[in-house]
Amino acid sequence: MSEEITNSGEAPAEKDDARHAMKMAKKKAAREKIMATKTDEKGLIIVNTGKGKGKSTAGFGMIFRHIAHGMPCAVVQFIKGAMVTGERELIEKHFGDVCQFYTLGEGFTWETQDRARDVAMAEKAWEKAKELIRDERNSMVLLDEINIALRYDYIDVAEVVRFLKEEKPHMTHVVLTGRNAKEDLIEIADLVTEMELIKHPFRSGIKAQQGVEF
């Protein structure tokens with residue numbers, strides 16, 4: 001059956017294509033106008049928080065982008081130091097010349113059951129984090145699970161906020177991950193993402209699996 005022709009001489013599909021092209025052209029022009037006003041650059045304070053999965057994964061995604069561009073970066077793990085992860089194995093084995101990696105935690109709080117030791121390790125991790133952030137050669141520093149250390153008051157959030165506001169080099173990005181980010185930290189951040197939990201296999205009796213969780 002031949003395609004119906006409209007009064008304008010166009011087939012319906014051609015008319016839809018033309019309308020779509022015009023709509024996309026307008027969107028492109030509007031987008032380019034907006035982008036033309038975005039000219040500033042700065043090192044961002046980025047917070048990944050929430051109950052959903054993906055906070056550390058997103059942080060490591062940005063670290064791997066830095067590695068791919070040959071941009072020096074660093075990772076400090078505040079909690080997960082006791083467990084072997086794919087990210088740690090890959091970076092230490094293949095990209096140690098671009099990315100420094102420090103695992104200064106000893107596991108989750110319920111595993112150590114020693115508050116004094118957890119506080120000491122968190123403080124040690126924070127001192128290393130400050131050293132790495134101060135080093136302007138590092139374009140990005142990922143502070144993995146620092147929000148957990150802050151939640152349990154292993155580190156003073158006021159000190160973290162003060163340092164990031166006053167001592168972080170202007171062009172250095174700092175990524176802070178973990179649940180329950182403190183409001184003081186969220187307030188000074190440039191980018192905050194809350195991962196929302198909708199479904200998780202753990203609730204169905206499925207354990208953490210290699211290549212997905214670690």
# chains A, B, ... in the order shown; residues from 1 in each chain; ligands from 1
call {"tool": "closest_atom_pairs", "arguments": {"of": "region 70-162 of chain A", "to": "region 46-62 of chain A", "cutoff": "8 Å", "atoms": "only C-alpha atoms", "output": "tab-separated table"}}
result
residue	atom	partner	partner_atom	distance
A:Glu87	CA	A:Phe60	CA	7.5
A:Leu142	CA	A:Gly59	CA	6.7
A:Asp144	CA	A:Ser56	CA	6.3
A:Glu145	CA	A:Ser56	CA	7.5
A:Asn147	CA	A:Thr49	CA	8.0
call {"tool": "residues_around", "arguments": {"residues": "region 158-171 of chain A", "least_positions_apart": "6", "cutoff": "7 Å", "atoms": "only C-alpha atoms", "output": "PyMOL selection string"}}
result
chain A and resi 42-43+133-134+136+185
call {"tool": "write_last_selection", "arguments": {"atoms": "C-alpha atoms", "output": "PDB file, in the first residue's frame"}}
result
ATOM      1  CA  LYS A  42      37.784  24.825  39.563  1.00  0.00           C
ATOM      2  CA  GLY A  43      38.596  21.775  41.603  1.00  0.00           C
ATOM      3  CA  ILE A 133      45.402  16.908  48.604  1.00  0.00           C
ATOM      4  CA  ARG A 134      48.032  19.520  49.377  1.00  0.00           C
ATOM      5  CA  GLU A 136      49.098  20.057  43.625  1.00  0.00           C
ATOM      6  CA  LEU A 185      30.030  18.598  54.231  1.00  0.00           C
TER       7      LEU A 185
END
call {"tool": "select_by_dssp", "arguments": {"residues": "region 59-195 of chain A", "states": "alpha helix (DSSP H)", "output": "MDAnalysis selection string"}}
result
chainID A and resid 59:68 86:94 109:112 115:134 146:151 157:166 183:188
call {"tool": "atom_distance", "arguments": {"atom1": "CA of His173 (chain A)", "atom2": "CA of Val141 (chain A)"}}
result
6.4 Å
call {"tool": "select_by_dssp", "arguments": {"residues": "region 4-208 of chain A", "states": "strand (DSSP E or B)", "output": "list of chain:residue names"}}
result
A:Ile45, A:Ile46, A:Val47, A:Asn48, A:Thr49, A:Cys73, A:Ala74, A:Val75, A:Val76, A:Gln77, A:Cys99, A:Gln100, A:Phe101, A:Tyr102, A:Thr103, A:Met140, A:Val141, A:Leu142, A:Leu143, A:Asp144, A:His173, A:Val174, A:Val175, A:Leu176, A:Thr177, A:Leu191, A:Val192, A:Thr193, A:Glu194
call {"tool": "closest_residue", "arguments": {"among": "A:Leu90, A:Val174, A:Ala30, A:Met195", "to": "Phe214 (chain A)", "atoms": "only C-alpha atoms"}}
result
A:Leu90
call {"tool": "residues_around", "arguments": {"residues": "Ala149 (chain A)", "least_positions_apart": "4", "cutoff": "12 Å", "atoms": "only C-alpha atoms", "output": "compact mmCIF listing (two decimals) with C-alpha atoms, in the first residue's frame"}}
result
# COMPACT_ATOMS: atom_id res chain seq x y z
CA GLN A 77 40.43 4.01 51.71
CA PHE A 78 39.20 4.76 55.22
CA ILE A 79 37.25 1.57 55.93
CA LYS A 80 37.73 -1.18 53.35
CA LEU A 104 44.45 2.66 55.82
CA GLY A 105 41.24 1.22 57.22
CA GLU A 106 41.02 -2.18 58.85
CA GLY A 107 37.48 -3.16 57.98
CA PHE A 108 33.99 -2.14 58.96
CA THR A 109 33.34 -1.03 62.53
CA ARG A 115 36.82 2.15 68.70
CA ASP A 118 39.38 2.67 64.47
CA VAL A 119 39.85 6.30 65.52
CA ALA A 120 43.63 5.98 65.29
CA MET A 121 43.46 4.44 61.81
CA ALA A 122 40.94 7.05 60.61
CA GLU A 123 43.15 9.86 61.87
CA LYS A 124 46.13 8.30 60.11
CA ALA A 125 44.12 8.06 56.89
CA TRP A 126 43.05 11.70 57.22
CA LEU A 143 38.51 9.60 50.03
CA ASP A 144 36.67 6.30 49.92
CA GLU A 145 34.18 5.72 52.77
CA ASP A 153 33.04 10.84 64.80
CA TYR A 154 36.39 9.13 64.18
CA ILE A 155 37.34 12.39 62.45
CA ASP A 156 36.02 15.85 63.26
CA VAL A 157 33.81 17.00 60.39
CA VAL A 160 37.50 18.29 57.29
CA LEU A 176 34.18 11.84 49.41
CA THR A 177 32.07 8.67 49.51
CA GLY A 178 29.97 6.76 52.00
CA ARG A 179 26.51 6.76 53.53
CA ASN A 180 25.14 9.46 55.79
CA ALA A 181 27.23 12.38 54.61
CA LYS A 182 27.24 15.14 57.22
call {"tool": "residues_around", "arguments": {"residues": "Ile91 (chain A)", "least_positions_apart": "5", "cutoff": "12 Å", "atoms": "only C-alpha atoms", "output": "list in words"}}
result
Phe60, Ile63, Phe64, His66, Ile67, Ala68, Cys73, Ala74, Val75, Thr85, Gly86, Gly96, Asp97, Val98, Cys99, Gln100, Phe101 and Tyr102 of chain A
call {"tool": "atom_distance", "arguments": {"atom1": "CA of Met22 (chain A)", "atom2": "CA of Ala36 (chain A)"}}
result
21.2 Å
